[in-house]
>>> print(open('coords-v1.tsv').read())   # TSV, C-alpha atoms
chain	number	residue	atom	x	y	z
A	1	MET	CA	132.28	124.10	118.15
A	2	LEU	CA	133.40	123.50	114.56
A	3	THR	CA	132.46	125.56	111.54
A	4	LEU	CA	131.88	123.62	108.32
A	5	ASP	CA	134.08	125.69	106.07
A	6	GLU	CA	135.02	124.67	102.51
A	7	ARG	CA	138.01	122.62	103.65
A	8	ARG	CA	136.01	120.56	106.14
A	9	LEU	CA	133.14	120.09	103.68
A	10	ALA	CA	135.64	118.81	101.11
A	11	SER	CA	137.00	116.37	103.71
A	12	LEU	CA	133.50	115.10	104.48
A	13	GLU	CA	132.77	114.60	100.79
A	14	GLU	CA	136.06	112.71	100.36
A	15	VAL	CA	135.24	110.40	103.27
A	16	PHE	CA	131.71	109.82	101.98
A	17	TRP	CA	132.88	108.69	98.54
A	18	ASP	CA	135.65	106.63	100.13
A	19	MET	CA	132.97	104.71	102.03
A	20	ASN	CA	130.30	104.53	99.31
A	21	ALA	CA	130.19	103.56	95.65
A	22	ILE	CA	127.50	103.68	92.96
A	23	ASP	CA	127.74	101.44	89.89
A	24	PHE	CA	125.23	101.13	87.08
A	25	GLU	CA	124.60	99.22	83.89
A	26	VAL	CA	121.83	98.93	81.31
A	27	GLN	CA	120.45	95.42	80.84
A	28	GLU	CA	118.04	94.07	78.25
A	29	ARG	CA	115.37	91.80	79.65
A	30	ARG	CA	112.61	89.77	78.02
A	31	VAL	CA	109.42	90.19	80.00
A	32	GLU	CA	105.80	89.19	79.60
A	33	GLU	CA	103.24	92.00	79.67
A	34	ILE	CA	99.48	91.81	79.82
A	35	VAL	CA	97.83	93.22	76.68
A	36	GLU	CA	94.30	93.47	75.36
A	37	VAL	CA	93.61	91.23	72.36
A	38	GLU	CA	90.61	91.70	70.10
A	39	GLN	CA	88.82	88.43	69.38
A	40	GLU	CA	87.21	87.40	66.10
A	41	ASP	CA	83.77	88.11	67.54
A	42	GLY	CA	84.79	91.69	68.38
A	43	THR	CA	85.20	91.16	72.10
A	44	VAL	CA	88.39	92.07	73.92
A	45	ALA	CA	90.26	89.63	76.12
A	46	GLU	CA	93.48	89.77	78.07
A	47	GLY	CA	96.55	88.10	76.63
A	48	THR	CA	100.31	88.20	77.12
A	49	GLU	CA	103.06	89.52	74.90
A	50	THR	CA	106.81	89.01	75.31
A	51	VAL	CA	108.75	92.24	74.83
A	52	THR	CA	112.31	93.43	75.34
A	53	ARG	CA	112.84	96.18	77.88
A	54	ARG	CA	115.99	98.12	78.69
A	55	VAL	CA	116.46	98.30	82.45
A	56	LEU	CA	118.84	100.57	84.34
A	57	VAL	CA	120.37	98.56	87.18
A	58	VAL	CA	121.95	100.69	89.93
A	59	THR	CA	124.11	98.98	92.56
A	60	LEU	CA	124.93	100.71	95.83
A	61	SER	CA	127.80	99.42	97.96
A	62	ALA	CA	129.23	100.73	101.19
A	63	ARG	CA	131.93	100.02	103.71
A	64	SER	CA	130.77	99.65	107.29
A	65	PRO	CA	131.93	102.16	109.92
A	66	ASP	CA	134.22	99.50	111.42
A	67	GLU	CA	135.79	98.79	108.02
A	68	ALA	CA	136.37	102.51	107.43
A	69	ALA	CA	137.81	102.96	110.92
A	70	ALA	CA	140.29	100.15	110.29
A	71	SER	CA	141.23	101.68	106.92
A	72	TYR	CA	141.86	105.09	108.51
A	73	GLY	CA	143.82	103.56	111.38
A	74	PHE	CA	141.59	104.71	114.24
A	75	THR	CA	143.16	104.59	117.68
A	76	ALA	CA	141.48	102.64	120.49
A	77	GLU	CA	140.10	105.91	121.86
A	78	GLN	CA	138.70	106.94	118.48
A	79	ALA	CA	137.18	103.47	117.96
A	80	ASP	CA	135.49	103.72	121.38
A	81	MET	CA	134.08	107.16	120.51
A	82	LEU	CA	132.75	105.79	117.20
A	83	ALA	CA	131.08	102.87	119.01
A	84	GLN	CA	129.37	105.28	121.39
A	85	LEU	CA	128.10	107.43	118.51
A	86	LEU	CA	126.69	104.37	116.72
A	87	ASP	CA	125.00	102.89	119.80
A	88	ASP	CA	121.39	101.90	119.08
A	89	ARG	CA	120.24	104.26	121.84
A	90	HIS	CA	121.10	107.19	119.57
A	91	ALA	CA	119.47	105.84	116.39
A	92	ALA	CA	116.37	108.03	116.65
A	93	MET	CA	118.49	111.10	117.30
A	94	TRP	CA	120.64	110.52	114.21
A	95	GLN	CA	117.58	109.94	112.05
A	96	SER	CA	116.11	113.22	113.27
A	97	VAL	CA	119.37	115.16	112.79
A	98	LEU	CA	120.29	113.69	109.41
A	99	TYR	CA	116.90	113.19	107.78
A	100	GLY	CA	114.32	115.08	109.83
A	101	VAL	CA	112.38	111.89	110.57
A	102	THR	CA	110.69	112.17	113.95
A	103	GLY	CA	107.39	110.33	113.56
A	104	GLY	CA	108.58	106.95	114.86
A	105	SER	CA	107.94	103.45	113.59
A	106	GLY	CA	104.34	103.50	114.78
A	107	ASP	CA	103.39	105.71	111.86
A	108	ILE	CA	104.11	103.14	109.15
A	109	VAL	CA	102.43	100.39	111.18
A	110	GLU	CA	99.34	102.55	111.60
A	111	VAL	CA	99.22	103.35	107.88
A	112	ALA	CA	99.64	99.68	106.95
A	113	ALA	CA	96.89	98.62	109.38
A	114	SER	CA	94.51	101.14	107.81
A	115	GLN	CA	94.83	99.28	104.49
A	116	ILE	CA	93.90	95.82	105.77
A	117	GLY	CA	91.17	94.35	103.58
A	118	ASN	CA	92.29	95.91	100.30
A	119	VAL	CA	92.15	93.36	97.48
A	120	GLY	CA	94.13	93.62	94.23
A	121	GLY	CA	96.56	96.33	95.33
A	122	GLN	CA	95.52	98.87	92.68
A	123	PRO	CA	96.20	101.95	94.85
A	124	TYR	CA	99.77	100.81	95.47
A	125	TRP	CA	100.99	99.57	92.10
A	126	SER	CA	99.30	102.46	90.26
A	127	TRP	CA	100.91	104.95	92.69
A	128	TYR	CA	104.27	103.36	91.90
A	129	GLY	CA	103.71	103.99	88.19
A	130	PHE	CA	102.57	100.63	86.82
A	131	SER	CA	99.72	100.69	84.32
A	132	GLY	CA	98.60	97.18	85.19
A	133	ARG	CA	98.72	94.76	88.08
A	134	VAL	CA	102.15	93.51	89.18
A	135	GLU	CA	103.24	91.52	92.21
A	136	TRP	CA	102.61	94.37	94.61
A	137	CYS	CA	103.96	93.49	98.08
A	138	ALA	CA	106.94	95.85	97.72
A	139	CYS	CA	104.76	98.56	96.18
A	140	PHE	CA	102.56	98.33	99.27
A	141	VAL	CA	105.49	98.73	101.67
A	142	SER	CA	106.82	101.65	99.61
A	143	TRP	CA	103.39	103.30	99.52
A	144	CYS	CA	103.07	103.06	103.32
A	145	ALA	CA	106.56	104.52	103.78
A	146	ASN	CA	105.76	107.35	101.37
A	147	GLU	CA	102.59	108.21	103.29
A	148	CYS	CA	104.80	108.80	106.35
A	149	GLY	CA	107.40	110.86	104.47
A	150	TYR	CA	110.07	108.19	104.98
A	151	ILE	CA	111.02	107.83	101.31
A	152	GLU	CA	111.66	111.54	100.88
A	153	ALA	CA	113.61	111.53	104.15
A	154	GLY	CA	115.78	108.65	103.01
A	155	ALA	CA	114.73	106.30	105.82
A	156	VAL	CA	113.09	103.70	103.54
A	157	PRO	CA	113.75	103.10	99.83
A	158	LYS	CA	111.12	103.18	97.11
A	159	PHE	CA	111.28	99.71	95.60
A	160	ALA	CA	109.09	97.38	93.56
A	161	ALA	CA	111.46	94.39	93.55
A	162	CYS	CA	112.13	92.72	96.90
A	163	SER	CA	115.77	92.13	95.96
A	164	ALA	CA	116.27	95.89	95.49
A	165	GLY	CA	114.94	96.52	99.00
A	166	VAL	CA	117.31	93.95	100.50
A	167	GLN	CA	120.26	95.47	98.66
A	168	TRP	CA	119.40	98.97	99.89
A	169	PHE	CA	119.20	97.95	103.54
A	170	GLU	CA	122.36	95.85	103.31
A	171	SER	CA	124.27	98.72	101.70
A	172	ALA	CA	123.02	101.12	104.39
A	173	GLY	CA	124.18	98.79	107.17
A	174	LEU	CA	120.56	98.37	108.29
A	175	TRP	CA	120.13	94.64	107.70
A	176	HIS	CA	119.60	91.78	110.18
A	177	ASP	CA	119.32	88.07	109.37
A	178	ARG	CA	116.36	85.93	110.41
A	179	GLY	CA	117.60	85.25	113.96
A	180	TYR	CA	117.04	88.91	114.90
A	181	GLU	CA	114.07	89.77	117.13
A	182	PRO	CA	112.22	92.44	115.09
A	183	ARG	CA	110.70	95.68	116.26
A	184	PRO	CA	107.49	97.39	115.06
A	185	GLY	CA	108.11	99.13	111.74
A	186	ASP	CA	110.93	96.82	110.64
A	187	ILE	CA	110.64	95.63	107.03
A	188	VAL	CA	110.57	91.81	106.86
A	189	PHE	CA	111.72	89.98	103.73
A	190	PHE	CA	110.74	86.36	103.00
A	191	ASP	CA	112.48	83.53	101.15
A	192	TRP	CA	109.81	80.98	100.27
A	193	GLY	CA	112.09	78.70	98.26
A	194	GLY	CA	115.07	78.62	100.60
A	195	ASP	CA	117.40	79.73	97.82
A	196	GLY	CA	118.65	82.91	99.54
A	197	GLY	CA	116.55	85.24	97.38
A	198	ALA	CA	113.81	87.61	98.53
A	199	ASP	CA	110.35	86.55	97.34
A	200	HIS	CA	108.01	88.68	99.45
A	201	VAL	CA	108.06	91.61	101.88
A	202	GLY	CA	105.90	93.04	104.64
A	203	ILE	CA	105.92	95.31	107.70
A	204	VAL	CA	106.40	94.08	111.27
A	205	GLU	CA	103.48	95.15	113.43
A	206	SER	CA	104.71	93.63	116.70
A	207	CYS	CA	106.81	90.85	118.20
A	208	ASP	CA	106.34	89.11	121.54
A	209	GLY	CA	109.76	87.48	121.56
A	210	SER	CA	108.68	84.22	119.97
A	211	THR	CA	106.23	85.28	117.25
A	212	ALA	CA	106.52	88.13	114.75
A	213	HIS	CA	103.21	89.64	113.67
A	214	THR	CA	103.18	91.35	110.28
A	215	ILE	CA	101.02	93.33	107.90
A	216	GLU	CA	101.56	92.40	104.27
A	217	GLY	CA	100.31	93.41	100.86
A	218	ASN	CA	99.73	90.86	98.11
A	219	THR	CA	99.24	88.00	100.54
A	220	SER	CA	96.52	86.03	98.75
A	221	ASP	CA	96.18	89.23	96.67
A	222	SER	CA	95.09	91.27	99.69
A	223	CYS	CA	96.39	93.33	102.62
A	224	ALA	CA	96.25	91.17	105.72
A	225	ARG	CA	97.88	90.28	109.01
A	226	ARG	CA	100.15	87.23	109.24
A	227	SER	CA	102.28	85.67	111.99
A	228	TYR	CA	105.60	83.78	111.92
A	229	ARG	CA	107.86	82.11	114.44
A	230	VAL	CA	110.93	84.24	115.18
A	231	GLY	CA	113.78	82.64	113.25
A	232	SER	CA	111.41	80.91	110.81
A	233	ALA	CA	113.16	79.46	107.76
A	234	SER	CA	110.66	81.39	105.61
A	235	ILE	CA	112.18	84.69	106.78
A	236	LEU	CA	115.22	85.91	104.87
A	237	GLY	CA	115.91	88.88	107.14
A	238	TYR	CA	114.90	92.39	108.11
A	239	GLY	CA	115.52	95.92	106.97
A	240	THR	CA	115.67	98.08	110.11
A	241	PRO	CA	114.97	101.75	109.28
A	242	LEU	CA	116.24	104.37	111.74
A	243	TYR	CA	112.85	105.97	112.36
>>> encode(input="coords-v1.tsv", output="structure tokens")
Amino acid sequence: MLTLDERRLASLEEVFWDMNAIDFEVQERRVEEIVEVEQEDGTVAEGTETVTRRVLVVTLSARSPDEAAASYGFTAEQADMLAQLLDDRHAAMWQSVLYGVTGGSGDIVEVAASQIGNVGGQPYWSWYGFSGRVEWCACFVSWCANECGYIEAGAVPKFAACSAGVQWFESAGLWHDRGYEPRPGDIVFFDWGGDGGADHVGIVESCDGSTAHTIEGNTSDSCARRSYRVGSASILGYGTPLY
């Protein structure tokens, strides 16, 4: 048994910051916002206005366990012990120990299924903090994760831009490309244009080995079920939370 005294805690902190980095910058972006415009006859109609917004962009980057092990010069025995600790069989245990998440992936699937039929996404984008409608697929996924306590636990990020979600899962080492066979509760990201960027996101409800069944927000402006061939070119990849 080891006691986490000040020396060992300092060592853990040193290793953490050796493996992880946080960079940030402030960018100015021109965006179109929906505004109310008073007409000559006194009625009010919706219009658009181009404004400049300052956006804080935070970039998270991390070395994988294998990269860190190579940097520290792990022996074959140490590398084997690390592989055993990181085996997928222990994923649920680590999530429980590190983050207190014990509900399982079924929770987020159940929450998402309860929202099927919603049109317009107002509960999700307003919860996120937007005063008007935005493209709300990521807000929906975040809302479902929050209902399960996964955002607070650190198992799923809170994100409104699909690209931010992809970056988070990649940085956490929890990303799989489209050839992966997904599990219930995985977060699926789509690339409609084939340009390598994330355009849409949803939650995997089930997979039978050949077809992935999903629940998505903002699909035809509603919450609905969809299905895709495993390995479909429309799928960019998957975030795989350690529920």
>>> residues_around(input="coords-v1.tsv", residues="Arg226 of chain A", least_positions_apart="3", cutoff="7 Å", atoms="all atoms listed in the file", output="MDAnalysis selection string")
chainID A and resid 213:215
>>> write_last_selection(input="coords-v1.tsv", atoms="C-alpha atoms", output="short mmCIF file (atom, residue, chain, number, x, y, z; two decimals), in the coordinates of the input")
data_model
loop_
_atom_site.label_atom_id
_atom_site.label_comp_id
_atom_site.auth_asym_id
_atom_site.auth_seq_id
_atom_site.Cartn_x
_atom_site.Cartn_y
_atom_site.Cartn_z
CA HIS A 213 103.21 89.64 113.67
CA THR A 214 103.18 91.35 110.28
CA ILE A 215 101.02 93.33 107.90
#
>>> atom_distance(input="coords-v1.tsv", atom1="atom CA of Pro123 of chain A", atom2="atom CA of Cys207 of chain A")
27.9 Å
>>> residues_around(input="coords-v1.tsv", residues="Tyr238 of chain A", least_positions_apart="3", cutoff="12 Å", atoms="all atoms listed in the file", output="PyMOL selection string")
chain A and resi 162+165-170+173-191+198+200-204+212+214+230-231+235+241
>>> write_last_selection(input="coords-v1.tsv", atoms="C-alpha atoms", output="PDB file, in the coordinates of the input")
ATOM      1  CA  CYS A 162     112.130  92.720  96.900  1.00  0.00           C
ATOM      2  CA  GLY A 165     114.940  96.520  99.000  1.00  0.00           C
ATOM      3  CA  VAL A 166     117.310  93.950 100.500  1.00  0.00           C
ATOM      4  CA  GLN A 167     120.260  95.470  98.660  1.00  0.00           C
ATOM      5  CA  TRP A 168     119.400  98.970  99.890  1.00  0.00           C
ATOM      6  CA  PHE A 169     119.200  97.950 103.540  1.00  0.00           C
ATOM      7  CA  GLU A 170     122.360  95.850 103.310  1.00  0.00           C
ATOM      8  CA  GLY A 173     124.180  98.790 107.170  1.00  0.00           C
ATOM      9  CA  LEU A 174     120.560  98.370 108.290  1.00  0.00           C
ATOM     10  CA  TRP A 175     120.130  94.640 107.700  1.00  0.00           C
ATOM     11  CA  HIS A 176     119.600  91.780 110.180  1.00  0.00           C
ATOM     12  CA  ASP A 177     119.320  88.070 109.370  1.00  0.00           C
ATOM     13  CA  ARG A 178     116.360  85.930 110.410  1.00  0.00           C
ATOM     14  CA  GLY A 179     117.600  85.250 113.960  1.00  0.00           C
ATOM     15  CA  TYR A 180     117.040  88.910 114.900  1.00  0.00           C
ATOM     16  CA  GLU A 181     114.070  89.770 117.130  1.00  0.00           C
ATOM     17  CA  PRO A 182     112.220  92.440 115.090  1.00  0.00           C
ATOM     18  CA  ARG A 183     110.700  95.680 116.260  1.00  0.00           C
ATOM     19  CA  PRO A 184     107.490  97.390 115.060  1.00  0.00           C
ATOM     20  CA  GLY A 185     108.110  99.130 111.740  1.00  0.00           C
ATOM     21  CA  ASP A 186     110.930  96.820 110.640  1.00  0.00           C
ATOM     22  CA  ILE A 187     110.640  95.630 107.030  1.00  0.00           C
ATOM     23  CA  VAL A 188     110.570  91.810 106.860  1.00  0.00           C
ATOM     24  CA  PHE A 189     111.720  89.980 103.730  1.00  0.00           C
ATOM     25  CA  PHE A 190     110.740  86.360 103.000  1.00  0.00           C
ATOM     26  CA  ASP A 191     112.480  83.530 101.150  1.00  0.00           C
ATOM     27  CA  ALA A 198     113.810  87.610  98.530  1.00  0.00           C
ATOM     28  CA  HIS A 200     108.010  88.680  99.450  1.00  0.00           C
ATOM     29  CA  VAL A 201     108.060  91.610 101.880  1.00  0.00           C
ATOM     30  CA  GLY A 202     105.900  93.040 104.640  1.00  0.00           C
ATOM     31  CA  ILE A 203     105.920  95.310 107.700  1.00  0.00           C
ATOM     32  CA  VAL A 204     106.400  94.080 111.270  1.00  0.00           C
ATOM     33  CA  ALA A 212     106.520  88.130 114.750  1.00  0.00           C
ATOM     34  CA  THR A 214     103.180  91.350 110.280  1.00  0.00           C
ATOM     35  CA  VAL A 230     110.930  84.240 115.180  1.00  0.00           C
ATOM     36  CA  GLY A 231     113.780  82.640 113.250  1.00  0.00           C
ATOM     37  CA  ILE A 235     112.180  84.690 106.780  1.00  0.00           C
ATOM     38  CA  PRO A 241     114.970 101.750 109.280  1.00  0.00           C
TER      39      PRO A 241
END
>>> atom_distance(input="coords-v1.tsv", atom1="atom CA of Gly154 of chain A", atom2="atom CA of Asp66 of chain A")
22.2 Å
>>> axis_aligned_box(input="coords-v1.tsv", around="segment 165-173 of chain A", padding_each_side="4 Å", output="AutoDock Vina command-line options")
--center_x 119.6 --center_y 97.5 --center_z 102.9 --size_x 17.3 --size_y 15.2 --size_z 16.5
>>> residues_around(input="coords-v1.tsv", residues="Ser114 of chain A", least_positions_apart="2", cutoff="12 Å", atoms="all atoms listed in the file", output="list in words")
Asp107, Ile108, Val109, Glu110, Val111, Ala112, Ile116, Gly117, Asn118, Cys144, Glu147, Ile215, Glu216, Gly217, Cys223, Ala224 and Arg225 of chain A
